[in-house]
>>> print(open('model_35.txt').read())   # compact mmCIF, C-alpha atoms and all ligand atoms
# COMPACT_ATOMS: atom_id res chain seq x y z
CA MET X 21 15.43 -56.34 181.95
CA ASP X 22 14.09 -57.52 178.62
CA TYR X 23 14.98 -61.21 178.36
CA THR X 24 13.41 -61.80 174.97
CA GLU X 25 16.74 -61.47 173.20
CA PRO X 26 19.87 -63.18 174.53
CA GLN X 27 22.39 -60.52 175.46
CA PHE X 28 25.66 -62.47 175.47
CA PHE X 29 26.19 -62.08 171.74
CA ARG X 30 25.65 -58.35 171.93
CA VAL X 31 28.66 -57.96 174.20
CA MET X 32 30.76 -60.55 172.36
CA GLN X 33 30.15 -58.81 169.07
CA TYR X 34 31.07 -55.46 170.56
CA ALA X 35 34.32 -56.96 171.93
CA ALA X 36 35.12 -58.59 168.58
CA ARG X 37 34.78 -55.24 166.79
CA ALA X 38 36.97 -53.41 169.32
CA ASP X 39 40.01 -51.68 168.00
CA ARG X 40 42.34 -53.34 170.50
CA ASP X 41 43.23 -56.60 172.18
CA VAL X 42 40.44 -57.65 174.55
CA VAL X 43 40.46 -60.45 177.14
CA ASP X 44 37.14 -62.25 176.64
CA MET X 45 35.51 -62.98 179.99
CA VAL X 46 31.98 -63.01 178.60
CA SER X 47 31.37 -66.47 177.27
CA GLY X 48 31.33 -69.73 179.23
CA ASN X 49 33.55 -71.56 176.71
CA PRO X 50 36.26 -73.52 178.56
CA ASP X 51 39.78 -72.80 177.26
CA TRP X 52 41.30 -76.13 178.26
CA ASP X 53 41.55 -79.44 176.39
CA PRO X 54 38.87 -82.12 176.43
CA PRO X 55 39.82 -85.53 177.82
CA GLU X 56 42.14 -87.52 175.53
CA GLY X 57 39.53 -90.28 175.25
CA LEU X 58 37.20 -87.84 173.55
CA ARG X 59 39.69 -87.20 170.74
CA ASP X 60 40.35 -90.96 170.47
CA GLY X 61 36.65 -91.62 170.13
CA LEU X 62 36.34 -89.02 167.40
CA ARG X 63 39.31 -90.41 165.49
CA ASP X 64 37.89 -93.93 165.61
CA TYR X 65 34.54 -92.69 164.51
CA ALA X 66 35.93 -91.47 161.21
CA GLU X 67 36.54 -95.12 160.28
CA ALA X 68 33.16 -96.41 161.45
CA SER X 69 30.86 -98.28 159.09
CA ALA X 70 28.18 -96.58 157.02
CA ASP X 71 25.58 -97.83 159.50
CA ASP X 72 27.20 -95.78 162.22
CA TYR X 73 26.70 -92.66 160.14
CA GLN X 74 22.92 -92.97 160.43
CA TYR X 75 20.36 -91.86 163.04
CA PRO X 76 21.05 -93.03 166.55
CA PRO X 77 17.99 -93.87 168.69
CA SER X 78 16.08 -90.65 169.32
CA VAL X 79 16.57 -90.95 173.07
CA GLY X 80 20.33 -91.32 172.60
CA LEU X 81 22.88 -94.12 172.26
CA THR X 82 21.95 -96.95 174.62
CA PRO X 83 25.46 -97.47 176.08
CA LEU X 84 25.75 -93.75 176.77
CA ARG X 85 22.40 -93.76 178.57
CA ASP X 86 23.52 -96.86 180.49
CA GLU X 87 26.74 -95.15 181.55
CA ILE X 88 24.92 -92.00 182.70
CA ALA X 89 22.21 -94.02 184.45
CA ALA X 90 24.83 -96.02 186.36
CA ARG X 91 26.65 -92.87 187.42
CA ARG X 92 23.48 -91.10 188.50
CA GLY X 93 21.93 -94.14 190.16
CA VAL X 94 18.77 -94.18 188.07
CA ASP X 95 17.11 -96.52 185.61
CA ARG X 96 18.30 -96.06 182.01
CA ASN X 97 14.72 -95.52 180.88
CA ARG X 98 14.65 -92.18 182.71
CA VAL X 99 17.64 -90.76 180.79
CA LEU X 100 17.09 -88.81 177.59
CA ILE X 101 20.14 -87.51 175.69
CA THR X 102 19.61 -83.93 174.50
CA ASN X 103 21.35 -81.24 172.50
CA GLY X 104 23.10 -79.82 175.52
CA ALA X 105 21.58 -78.75 178.80
CA GLY X 106 19.87 -75.99 176.82
CA GLU X 107 17.46 -78.47 175.26
CA ALA X 108 17.23 -80.45 178.48
CA ASN X 109 16.09 -77.32 180.32
CA HIS X 110 13.63 -76.53 177.56
CA LEU X 111 12.05 -80.00 177.72
CA ALA X 112 11.80 -79.83 181.50
CA MET X 113 10.30 -76.34 181.56
CA THR X 114 7.73 -76.95 178.85
CA GLY X 115 6.92 -80.35 180.34
CA GLY X 116 6.42 -78.93 183.83
CA LEU X 117 4.30 -76.10 182.52
CA HIS X 118 2.09 -78.50 180.60
CA HIS X 119 1.79 -81.11 183.33
CA PHE X 120 1.13 -79.04 186.41
CA ASP X 121 -1.63 -76.52 187.08
CA GLY X 122 -0.60 -72.88 187.00
CA ASN X 123 1.40 -70.92 184.48
CA GLU X 124 4.17 -69.60 186.67
CA ILE X 125 7.87 -70.39 186.62
CA LEU X 126 9.86 -69.39 189.71
CA LEU X 127 13.34 -68.17 188.89
CA THR X 128 16.01 -66.55 191.02
CA ASP X 129 17.25 -63.00 190.89
CA PRO X 130 20.02 -62.93 189.73
CA VAL X 131 19.18 -65.43 187.02
CA TYR X 132 20.95 -67.24 184.17
CA PRO X 133 19.30 -65.14 181.44
CA TYR X 134 18.39 -68.07 179.17
CA TYR X 135 15.98 -69.38 181.82
CA ALA X 136 14.11 -66.10 181.76
CA GLY X 137 14.30 -65.85 177.97
CA ARG X 138 12.94 -69.38 177.64
CA ALA X 139 10.16 -68.85 180.19
CA ASN X 140 9.14 -65.71 178.29
CA PHE X 141 9.32 -67.50 174.98
CA ILE X 142 6.98 -70.29 176.08
CA GLY X 143 4.47 -67.84 177.52
CA ALA X 144 4.99 -68.54 181.22
CA ASP X 145 4.52 -65.96 183.94
CA ILE X 146 7.82 -65.39 185.69
CA SER X 147 8.34 -64.66 189.37
CA PHE X 148 11.82 -63.89 190.57
CA VAL X 149 12.89 -64.94 194.06
CA PRO X 150 15.79 -62.78 195.24
CA VAL X 151 18.81 -64.59 196.68
CA ASP X 152 19.87 -63.66 200.21
CA GLU X 153 22.83 -61.50 201.22
CA HIS X 154 25.15 -64.50 200.81
CA ASN X 155 23.95 -64.93 197.22
CA ARG X 156 22.04 -68.03 198.18
CA LEU X 157 18.47 -68.97 197.48
CA ALA X 158 16.77 -69.50 200.83
CA PRO X 159 14.22 -72.34 200.77
CA ALA X 160 11.96 -70.22 203.02
CA ASP X 161 11.88 -67.50 200.34
CA VAL X 162 11.01 -70.05 197.67
CA ARG X 163 8.20 -71.37 199.86
CA ALA X 164 6.89 -67.85 200.44
CA ALA X 165 6.88 -67.15 196.70
CA ALA X 166 5.28 -70.45 195.66
CA SER X 167 1.54 -70.73 195.13
CA GLU X 168 -1.03 -72.77 193.21
CA GLU X 169 0.04 -70.77 190.19
CA THR X 170 3.56 -72.24 190.35
CA ALA X 171 4.24 -74.97 187.81
CA VAL X 172 8.06 -75.01 187.76
CA ILE X 173 10.78 -73.99 190.22
CA VAL X 174 14.25 -73.66 188.67
CA VAL X 175 17.39 -74.15 190.75
CA ASN X 176 20.93 -74.10 189.39
CA SER X 177 23.78 -75.47 191.51
CA PRO X 178 26.68 -74.67 191.26
CA ASN X 179 25.17 -71.41 190.17
CA ASN X 180 25.71 -69.17 187.19
CA PRO X 181 26.22 -66.29 187.94
CA THR X 182 26.50 -66.31 191.78
CA GLY X 183 28.69 -69.38 192.39
CA ALA X 184 26.32 -70.66 195.10
CA VAL X 185 26.32 -74.42 195.70
CA TYR X 186 23.42 -76.12 197.49
CA ASP X 187 23.86 -79.07 199.82
CA ALA X 188 21.61 -82.10 200.19
CA GLU X 189 19.47 -80.46 202.85
CA ALA X 190 18.70 -77.38 200.73
CA MET X 191 17.99 -79.54 197.69
CA ALA X 192 15.64 -81.76 199.70
CA GLU X 193 13.80 -78.64 200.83
CA PHE X 194 13.45 -77.33 197.28
CA ALA X 195 12.08 -80.72 196.25
CA ALA X 196 9.66 -80.73 199.21
CA ILE X 197 8.36 -77.29 198.20
CA ALA X 198 7.77 -78.55 194.65
CA GLU X 199 5.81 -81.49 196.08
CA GLU X 200 3.84 -79.25 198.44
CA TYR X 201 2.74 -76.93 195.64
CA ASP X 202 2.35 -79.69 193.07
CA ALA X 203 5.02 -78.24 190.83
CA LEU X 204 8.23 -79.42 189.21
CA LEU X 205 11.70 -78.77 190.60
CA LEU X 206 14.03 -78.31 187.64
CA SER X 207 17.60 -78.71 188.88
CA ASP X 208 20.23 -77.62 186.36
CA GLU X 209 23.51 -79.24 187.41
CA VAL X 210 25.83 -78.42 184.48
CA TYR X 211 28.60 -77.15 186.77
CA ASP X 212 28.52 -80.14 189.12
CA HIS X 213 32.22 -80.94 188.51
CA PHE X 214 33.21 -77.43 189.56
CA ASP X 215 32.36 -77.60 193.24
CA TYR X 216 35.21 -76.12 195.29
CA ALA X 217 33.58 -76.51 198.69
CA GLY X 218 32.61 -80.17 198.23
CA ARG X 219 29.04 -79.25 199.05
CA PHE X 220 27.23 -80.11 195.82
CA SER X 221 24.39 -82.57 196.03
CA SER X 222 22.21 -83.56 193.10
CA ALA X 223 18.48 -82.96 193.42
CA LEU X 224 18.06 -86.58 192.31
CA ARG X 225 19.04 -87.61 195.83
CA ALA X 226 15.71 -86.22 197.02
CA ASP X 227 14.19 -89.19 195.18
CA SER X 228 11.05 -87.26 194.32
CA ASP X 229 8.52 -87.61 191.50
CA HIS X 230 8.62 -83.83 191.31
CA VAL X 231 12.31 -83.53 190.41
CA VAL X 232 13.90 -83.32 186.98
CA ALA X 233 17.70 -82.99 186.77
CA THR X 234 19.48 -81.60 183.72
CA ASN X 235 23.16 -81.76 182.91
CA SER X 236 25.61 -81.80 180.04
CA PHE X 237 29.19 -82.49 179.04
CA SER X 238 29.68 -78.97 177.66
CA LYS X 239 31.56 -77.70 180.71
CA THR X 240 32.62 -80.99 182.32
CA MET X 241 34.58 -82.07 179.23
CA ALA X 242 35.20 -78.62 177.75
CA ILE X 243 33.08 -79.37 174.68
CA THR X 244 30.41 -76.68 174.41
CA GLY X 245 30.46 -77.22 170.63
CA PHE X 246 29.48 -80.89 170.83
CA ARG X 247 25.97 -80.39 172.14
CA VAL X 248 25.61 -83.47 174.31
CA GLY X 249 23.51 -83.10 177.43
CA TYR X 250 20.84 -85.08 179.20
CA VAL X 251 17.74 -84.87 181.27
CA ILE X 252 16.62 -87.32 183.94
CA PHE X 253 12.88 -87.47 184.42
CA PRO X 254 10.91 -89.14 187.21
CA PRO X 255 10.06 -92.83 186.68
CA GLU X 256 7.49 -93.52 184.00
CA ASP X 257 5.35 -95.70 186.27
CA GLY X 258 5.02 -92.96 188.91
CA PRO X 259 2.49 -90.15 189.32
CA THR X 260 4.40 -87.78 187.01
CA GLY X 261 5.38 -90.50 184.56
CA THR X 262 3.80 -88.82 181.52
CA LEU X 263 6.46 -86.08 181.68
CA LEU X 264 8.98 -88.49 180.21
CA GLU X 265 6.89 -89.69 177.29
CA ARG X 266 5.94 -86.14 176.33
CA ALA X 267 9.58 -85.03 176.46
CA ARG X 268 10.62 -87.93 174.23
CA THR X 269 7.99 -86.91 171.70
CA GLN X 270 8.95 -83.23 171.84
CA HIS X 271 12.62 -84.12 171.45
CA MET X 272 11.90 -86.38 168.47
CA LEU X 273 9.61 -83.91 166.72
CA THR X 274 12.11 -81.08 167.19
CA ASN X 275 15.46 -82.78 166.55
CA VAL X 276 14.62 -86.29 165.32
CA THR X 277 17.65 -87.21 167.47
CA GLY X 278 21.07 -85.93 168.56
CA SER X 279 24.53 -86.22 167.00
CA ARG X 280 25.84 -89.78 166.91
CA PRO X 281 29.61 -89.06 166.66
CA ALA X 282 29.42 -86.57 169.51
CA GLN X 283 27.62 -89.08 171.73
CA TYR X 284 30.06 -91.81 170.75
CA ALA X 285 33.06 -89.66 171.65
CA VAL X 286 31.52 -88.60 174.96
CA LEU X 287 30.87 -92.24 175.83
CA ARG X 288 34.51 -93.11 175.08
CA ALA X 289 35.64 -90.23 177.26
CA LEU X 290 33.34 -91.26 180.10
CA LYS X 291 34.77 -94.77 180.02
CA THR X 292 38.42 -93.77 179.81
CA THR X 293 38.86 -90.51 181.72
CA SER X 294 40.29 -90.81 185.20
CA PRO X 295 39.09 -88.60 188.06
CA ASP X 296 42.45 -86.79 187.78
CA TYR X 297 41.25 -84.97 184.66
CA TYR X 298 38.27 -83.44 186.46
CA ALA X 299 40.34 -82.70 189.57
CA ALA X 300 42.96 -80.89 187.47
CA CYS X 301 40.25 -78.77 185.79
CA ARG X 302 38.82 -77.91 189.17
CA ARG X 303 42.23 -76.98 190.59
CA ARG X 304 43.01 -74.81 187.57
CA LEU X 305 39.80 -72.89 188.08
CA GLU X 306 40.27 -72.61 191.80
CA ARG X 307 43.67 -71.02 191.20
CA ARG X 308 42.10 -68.57 188.79
CA VAL X 309 39.41 -67.72 191.32
CA ASP X 310 42.10 -67.05 193.93
CA ASP X 311 44.18 -64.88 191.61
CA PHE X 312 41.27 -62.93 190.18
CA CYS X 313 39.65 -62.28 193.56
CA ALA X 314 42.97 -61.13 195.03
CA ALA X 315 43.43 -58.71 192.14
CA LEU X 316 39.87 -57.42 192.48
CA ALA X 317 40.45 -56.77 196.17
CA ALA X 318 43.64 -54.88 195.30
CA ALA X 319 41.69 -52.85 192.73
CA GLY X 320 39.22 -51.80 195.44
CA ALA X 321 36.34 -53.83 194.03
CA GLU X 322 33.74 -55.77 195.93
CA TYR X 323 33.35 -59.33 194.67
CA ASN X 324 31.73 -62.60 195.49
CA ARG X 325 33.98 -65.58 195.69
CA PRO X 326 32.22 -68.54 194.07
CA ASP X 327 31.84 -71.86 195.91
CA GLY X 328 31.41 -73.46 192.49
CA GLY X 329 31.12 -72.80 188.78
CA PHE X 330 33.47 -70.44 187.00
CA TYR X 331 32.07 -66.95 187.28
CA VAL X 332 32.98 -64.08 189.56
CA MET X 333 30.78 -61.04 190.03
CA ALA X 334 32.47 -57.78 190.92
CA ARG X 335 31.31 -54.30 191.80
CA PHE X 336 33.57 -51.31 191.20
CA PRO X 337 33.07 -48.01 192.98
CA ASP X 338 30.79 -45.63 191.03
CA PHE X 339 30.79 -47.90 188.02
CA PRO X 340 27.41 -49.68 187.61
CA GLY X 341 27.23 -52.90 185.57
CA SER X 342 25.45 -51.34 182.61
CA PHE X 343 26.03 -52.17 178.96
CA GLU X 344 27.61 -48.71 178.48
CA ASN X 345 30.12 -49.32 181.26
CA VAL X 346 30.95 -52.78 179.99
CA TYR X 347 31.60 -51.30 176.54
CA GLU X 348 33.79 -48.68 178.19
CA LEU X 349 35.83 -51.43 179.91
CA ILE X 350 36.25 -53.19 176.57
CA ASP X 351 37.49 -50.03 174.87
CA GLU X 352 39.55 -48.54 177.67
CA ALA X 353 40.74 -51.50 179.76
CA GLY X 354 40.69 -54.31 177.18
CA VAL X 355 38.57 -56.62 179.35
CA ALA X 356 35.11 -57.86 178.36
CA GLY X 357 32.70 -58.91 181.11
CA MET X 358 28.96 -59.33 181.15
CA PRO X 359 26.78 -56.49 182.50
CA GLY X 360 25.19 -57.46 185.80
CA GLU X 361 21.90 -55.97 184.67
CA ALA X 362 21.59 -58.86 182.19
CA PHE X 363 21.20 -61.18 185.21
CA GLY X 364 18.53 -59.17 186.99
CA GLU X 365 17.67 -55.95 188.72
CA SER X 366 19.51 -56.90 191.88
CA ARG X 367 22.86 -57.10 190.09
CA SER X 368 22.67 -53.94 188.02
CA ASP X 369 25.71 -52.57 189.88
CA TRP X 370 27.78 -55.65 189.15
CA ILE X 371 29.78 -57.12 186.28
CA ARG X 372 30.20 -60.86 185.75
CA PHE X 373 33.57 -62.24 184.66
CA ALA X 374 33.95 -65.77 183.28
CA LEU X 375 37.27 -67.30 184.34
CA VAL X 376 37.60 -69.52 181.30
CA THR X 377 40.67 -67.84 179.93
CA SER X 378 44.33 -68.36 180.69
CA ARG X 379 44.64 -64.57 180.71
CA VAL X 380 42.90 -64.10 184.07
CA ASP X 381 46.00 -62.47 185.63
CA GLU X 382 46.40 -60.11 182.71
CA ALA X 383 42.72 -59.16 182.86
CA ALA X 384 42.98 -58.52 186.58
CA GLN X 385 46.02 -56.31 186.02
CA ARG X 386 44.20 -54.36 183.32
CA LEU X 387 41.23 -53.81 185.62
CA ALA X 388 43.54 -52.73 188.45
CA ASN X 389 45.25 -50.24 186.12
CA TYR X 390 41.95 -48.87 184.89
CA PHE X 391 40.40 -48.44 188.32
CA GLY X 392 43.65 -47.68 190.15
C1 LIG O 401 23.42 -72.60 184.06
C2 LIG O 401 23.60 -73.07 182.66
N1 LIG O 401 22.76 -74.00 182.17
C3 LIG O 401 22.86 -74.43 180.90
C4 LIG O 401 23.84 -73.95 180.06
C5 LIG O 401 23.90 -74.44 178.65
O1 LIG O 401 24.64 -75.63 178.59
P1 LIG O 401 24.74 -76.48 177.27
O2 LIG O 401 25.95 -76.02 176.52
O3 LIG O 401 24.92 -77.87 177.76
O4 LIG O 401 23.48 -76.29 176.50
C6 LIG O 401 24.75 -72.99 180.52
C7 LIG O 401 25.77 -72.43 179.64
O5 LIG O 401 26.51 -71.54 179.94
C8 LIG O 401 24.61 -72.53 181.86
O6 LIG O 401 25.44 -71.62 182.37
>>> encode(input="model_35.txt", output="structure tokens", more="lines below")
Ligand SMILES: Cc1ncc(COP(=O)(O)O)c(C=O)c1O
Amino acid sequence: MDYTEPQFFRVMQYAARADRDVVDMVSGNPDWDPPEGLRDGLRDYAEASADDYQYPPSVGLTPLRDEIAARRGVDRNRVLITNGAGEANHLAMTGGLHHFDGNEILLTDPVYPYYAGRANFIGADISFVPVDEHNRLAPADVRAAASEETAVIVVNSPNNPTGAVYDAEAMAEFAAIAEEYDALLLSDEVYDHFDYAGRFSSALRADSDHVVATNSFSKTMAITGFRVGYVIFPPEDGPTGTLLERARTQHMLTNVTGSRPAQYAVLRALKTTSPDYYAACRRRLERRVDDFCAALAAAGAEYNRPDGGFYVMARFPDFPGSFENVYELIDEAGVAGMPGEAFGESRSDWIRFALVTSRVDEAAQRLANYFG
């Protein structure tokens, strides 16, 4: 697979040009409302003083960093607000590659394609570690793949696209491998609120100088357009402390800073949203997972039921997950998924469906009709 060009837009554009109604299950854009506090924050912001329309601190609004730091149990100094998890991942990957010996980034197969695209873009060598038959990354396989060449190991839990969720023990092992091979464990935790099995554990709990955790509010608050994420680096006074300073500089030179109104609104939402909001989002998705998986089973497809996140991968008999077949499904069934081959060799027979549409039942029915 050529990861140099992101493939999502290719499929989305094809679906948009289709001559019929298409259920979009390509993008990871939530279709539900953000927390009410977020809208309140935005409304208030419109009346803010001229001062509040100027640059926020480059590292992000102090009260937002305080709030995140308190929730994640770390010192505020370690928190850097970024333009989504996308930038957070970029800072962590480039930082790890620069700081540690070796030029290799270990990714999983299947992989979230932007990791591979980014690793390519920054000139890293990529090694893919295949997940096991349960779609999980086995720490023993990561250890076997790691070497002195390894600078960064990327783990994503809950996982896009497999739905795997790693517990504290697995995370501690990934962190231990990073320490053993003097590399960085980059733990992307953007789907942490979508953990159906209650198994999720942040890599930060490993309390290691070799762990960087990234996250964002894109999915948690259904605000992919706001671009508010964050990265938590190891303490500045520790052995990997220079990672943080370099990331701050890179962030400042690239962006100057992030968006002040977006950060303000996220802070308001963090302070005012009850756990019920997140629980309701999780329940909604769990219901969709149930319905979609049941319909896939009825359509004779193989599928993997996610423990977390909001993607389901399915395999239909004699219908590989190629771009051609996905285009065929758009034209003939009116359902747009993402070709499995975009996520790696191992999934070239599969198609990924994002359950962020209220039309999940309709899509399932269309697929059942097409394959029935
Ligand atoms: C695993 C993963 N990480 C990061 C991102 C990007 O998140 P953000 O919108 O916060 O940049 C996505 C978006 O789909 C994702 O699936």
>>> closest_residue(input="model_35.txt", among="X:Leu204, X:Val42, X:Leu58, X:Met241", to="Thr292 in chain X", atoms="all atoms listed in the file")
X:Leu58
>>> atom_distance(input="model_35.txt", atom1="CA of Asn389 in chain X", atom2="CA of Ala184 in chain X")
29.3 Å
>>> residues_near_ligand(input="model_35.txt", ligand="ligand LIG 401 (chain O)", cutoff="6 Å", atoms="only C-alpha atoms and all ligand atoms", output="PDB file with C-alpha atoms, in the coordinates of the input")
ATOM      1  CA  GLY X  48      31.330 -69.730 179.230  1.00  0.00           C
ATOM      2  CA  GLY X 104      23.100 -79.820 175.520  1.00  0.00           C
ATOM      3  CA  ALA X 105      21.580 -78.750 178.800  1.00  0.00           C
ATOM      4  CA  GLY X 106      19.870 -75.990 176.820  1.00  0.00           C
ATOM      5  CA  TYR X 132      20.950 -67.240 184.170  1.00  0.00           C
ATOM      6  CA  ASN X 180      25.710 -69.170 187.190  1.00  0.00           C
ATOM      7  CA  VAL X 210      25.830 -78.420 184.480  1.00  0.00           C
ATOM      8  CA  SER X 236      25.610 -81.800 180.040  1.00  0.00           C
ATOM      9  CA  SER X 238      29.680 -78.970 177.660  1.00  0.00           C
ATOM     10  CA  THR X 244      30.410 -76.680 174.410  1.00  0.00           C
ATOM     11  CA  GLY X 249      23.510 -83.100 177.430  1.00  0.00           C
TER      12      GLY X 249
END
>>> residues_around(input="model_35.txt", residues="Asp310 in chain X", least_positions_apart="3", cutoff="12 Å", atoms="all atoms listed in the file", output="mmCIF file with C-alpha atoms, keeping the file's coordinate frame")
data_model
loop_
_atom_site.group_PDB
_atom_site.id
_atom_site.type_symbol
_atom_site.label_atom_id
_atom_site.label_comp_id
_atom_site.auth_asym_id
_atom_site.auth_seq_id
_atom_site.Cartn_x
_atom_site.Cartn_y
_atom_site.Cartn_z
ATOM 1 C CA TYR X 216 35.210 -76.120 195.290
ATOM 2 C CA ARG X 303 42.230 -76.980 190.590
ATOM 3 C CA ARG X 304 43.010 -74.810 187.570
ATOM 4 C CA LEU X 305 39.800 -72.890 188.080
ATOM 5 C CA GLU X 306 40.270 -72.610 191.800
ATOM 6 C CA ARG X 307 43.670 -71.020 191.200
ATOM 7 C CA CYS X 313 39.650 -62.280 193.560
ATOM 8 C CA ALA X 314 42.970 -61.130 195.030
ATOM 9 C CA ALA X 315 43.430 -58.710 192.140
ATOM 10 C CA LEU X 316 39.870 -57.420 192.480
ATOM 11 C CA ALA X 317 40.450 -56.770 196.170
ATOM 12 C CA TYR X 323 33.350 -59.330 194.670
ATOM 13 C CA ASN X 324 31.730 -62.600 195.490
ATOM 14 C CA ARG X 325 33.980 -65.580 195.690
ATOM 15 C CA PRO X 326 32.220 -68.540 194.070
ATOM 16 C CA ASP X 327 31.840 -71.860 195.910
ATOM 17 C CA PHE X 330 33.470 -70.440 187.000
ATOM 18 C CA VAL X 332 32.980 -64.080 189.560
ATOM 19 C CA LEU X 375 37.270 -67.300 184.340
ATOM 20 C CA VAL X 380 42.900 -64.100 184.070
ATOM 21 C CA ASP X 381 46.000 -62.470 185.630
ATOM 22 C CA ALA X 384 42.980 -58.520 186.580
#
>>> closest_residue(input="model_35.txt", among="X:Val309, X:Ile142, X:Ala112, X:Ala165", to="Leu127 in chain X", atoms="all atoms listed in the file")
X:Ala165
>>> atom_distance(input="model_35.txt", atom1="CA of Ala144 in chain X", atom2="CA of Leu117 in chain X")
7.7 Å
>>> atom_distance(input="model_35.txt", atom1="CA of Asp39 in chain X", atom2="CA of Ser342 in chain X")
20.6 Å
>>> closest_residue(input="model_35.txt", among="X:Leu205, X:Ala136, X:Arg268, X:Tyr347", to="Met32 in chain X", atoms="only C-alpha atoms")
X:Tyr347
>>> residues_around(input="model_35.txt", residues="Arg225 in chain X", least_positions_apart="2", cutoff="10 Å", atoms="only C-alpha atoms", output="PyMOL selection string")
chain X and resi 92-93+188+191-192+195+221-223+227-228+231
>>> residues_around(input="model_35.txt", residues="Ser207 in chain X", least_positions_apart="5", cutoff="12 Å", atoms="only C-alpha atoms", output="PyMOL selection string")
chain X and resi 105+108-109+112-113+127+135+172-179+185-186+190-192+194-195+198+212+220-226+230-235+251-253
>>> residues_around(input="model_35.txt", residues="Phe214 in chain X", least_positions_apart="2", cutoff="6 Å", atoms="only C-alpha atoms", output="count of residues only")
5
>>> residues_near_point(input="model_35.txt", point="(17.7, -64.7, 180.6)", cutoff="12 Å", atoms="all atoms listed in the file", output="PyMOL selection string")
chain X and resi 21-28+127-141+146+148+180-181+360-365
>>> write_last_selection(input="model_35.txt", atoms="C-alpha atoms", output="PDB file, in the frame of the given file")
ATOM      1  CA  MET X  21      15.430 -56.340 181.950  1.00  0.00           C
ATOM      2  CA  ASP X  22      14.090 -57.520 178.620  1.00  0.00           C
ATOM      3  CA  TYR X  23      14.980 -61.210 178.360  1.00  0.00           C
ATOM      4  CA  THR X  24      13.410 -61.800 174.970  1.00  0.00           C
ATOM      5  CA  GLU X  25      16.740 -61.470 173.200  1.00  0.00           C
ATOM      6  CA  PRO X  26      19.870 -63.180 174.530  1.00  0.00           C
ATOM      7  CA  GLN X  27      22.390 -60.520 175.460  1.00  0.00           C
ATOM      8  CA  PHE X  28      25.660 -62.470 175.470  1.00  0.00           C
ATOM      9  CA  LEU X 127      13.340 -68.170 188.890  1.00  0.00           C
ATOM     10  CA  THR X 128      16.010 -66.550 191.020  1.00  0.00           C
ATOM     11  CA  ASP X 129      17.250 -63.000 190.890  1.00  0.00           C
ATOM     12  CA  PRO X 130      20.020 -62.930 189.730  1.00  0.00           C
ATOM     13  CA  VAL X 131      19.180 -65.430 187.020  1.00  0.00           C
ATOM     14  CA  TYR X 132      20.950 -67.240 184.170  1.00  0.00           C
ATOM     15  CA  PRO X 133      19.300 -65.140 181.440  1.00  0.00           C
ATOM     16  CA  TYR X 134      18.390 -68.070 179.170  1.00  0.00           C
ATOM     17  CA  TYR X 135      15.980 -69.380 181.820  1.00  0.00           C
ATOM     18  CA  ALA X 136      14.110 -66.100 181.760  1.00  0.00           C
ATOM     19  CA  GLY X 137      14.300 -65.850 177.970  1.00  0.00           C
ATOM     20  CA  ARG X 138      12.940 -69.380 177.640  1.00  0.00           C
ATOM     21  CA  ALA X 139      10.160 -68.850 180.190  1.00  0.00           C
ATOM     22  CA  ASN X 140       9.140 -65.710 178.290  1.00  0.00           C
ATOM     23  CA  PHE X 141       9.320 -67.500 174.980  1.00  0.00           C
ATOM     24  CA  ILE X 146       7.820 -65.390 185.690  1.00  0.00           C
ATOM     25  CA  PHE X 148      11.820 -63.890 190.570  1.00  0.00           C
ATOM     26  CA  ASN X 180      25.710 -69.170 187.190  1.00  0.00           C
ATOM     27  CA  PRO X 181      26.220 -66.290 187.940  1.00  0.00           C
ATOM     28  CA  GLY X 360      25.190 -57.460 185.800  1.00  0.00           C
ATOM     29  CA  GLU X 361      21.900 -55.970 184.670  1.00  0.00           C
ATOM     30  CA  ALA X 362      21.590 -58.860 182.190  1.00  0.00           C
ATOM     31  CA  PHE X 363      21.200 -61.180 185.210  1.00  0.00           C
ATOM     32  CA  GLY X 364      18.530 -59.170 186.990  1.00  0.00           C
ATOM     33  CA  GLU X 365      17.670 -55.950 188.720  1.00  0.00           C
TER      34      GLU X 365
END
>>> closest_residue(input="model_35.txt", among="X:Arg280, X:Arg219, X:His213, X:Arg372", to="Pro295 in chain X", atoms="all atoms listed in the file")
X:His213
>>> residues_around(input="model_35.txt", residues="Asp41 in chain X", least_positions_apart="5", cutoff="12 Å", atoms="all atoms listed in the file", output="ChimeraX atom specification")
/X:35-36,349-356,379,382-383,386
>>> build_atoms(input="model_35.txt", residues="range 256-261 of chain X", atoms="N, CA and C atoms", output="mmCIF file, in the coordinates of the input")
data_model
loop_
_atom_site.group_PDB
_atom_site.id
_atom_site.type_symbol
_atom_site.label_atom_id
_atom_site.label_comp_id
_atom_site.auth_asym_id
_atom_site.auth_seq_id
_atom_site.Cartn_x
_atom_site.Cartn_y
_atom_site.Cartn_z
ATOM 1 N N GLU X 256 8.672 -93.534 184.861
ATOM 2 C CA GLU X 256 7.490 -93.520 184.000
ATOM 3 C C GLU X 256 6.262 -94.142 184.670
ATOM 4 N N ASP X 257 6.498 -95.044 185.638
ATOM 5 C CA ASP X 257 5.350 -95.700 186.270
ATOM 6 C C ASP X 257 4.873 -94.940 187.523
ATOM 7 N N GLY X 258 5.433 -93.745 187.745
ATOM 8 C CA GLY X 258 5.020 -92.960 188.910
ATOM 9 C C GLY X 258 3.961 -91.935 188.560
ATOM 10 N N PRO X 259 3.581 -91.114 189.527
ATOM 11 C CA PRO X 259 2.490 -90.150 189.320
ATOM 12 C C PRO X 259 2.782 -89.062 188.279
ATOM 13 N N THR X 260 4.067 -88.807 188.015
ATOM 14 C CA THR X 260 4.400 -87.780 187.010
ATOM 15 C C THR X 260 5.032 -88.433 185.777
ATOM 16 N N GLY X 261 4.737 -89.703 185.605
ATOM 17 C CA GLY X 261 5.380 -90.500 184.560
ATOM 18 C C GLY X 261 5.167 -89.983 183.142
#
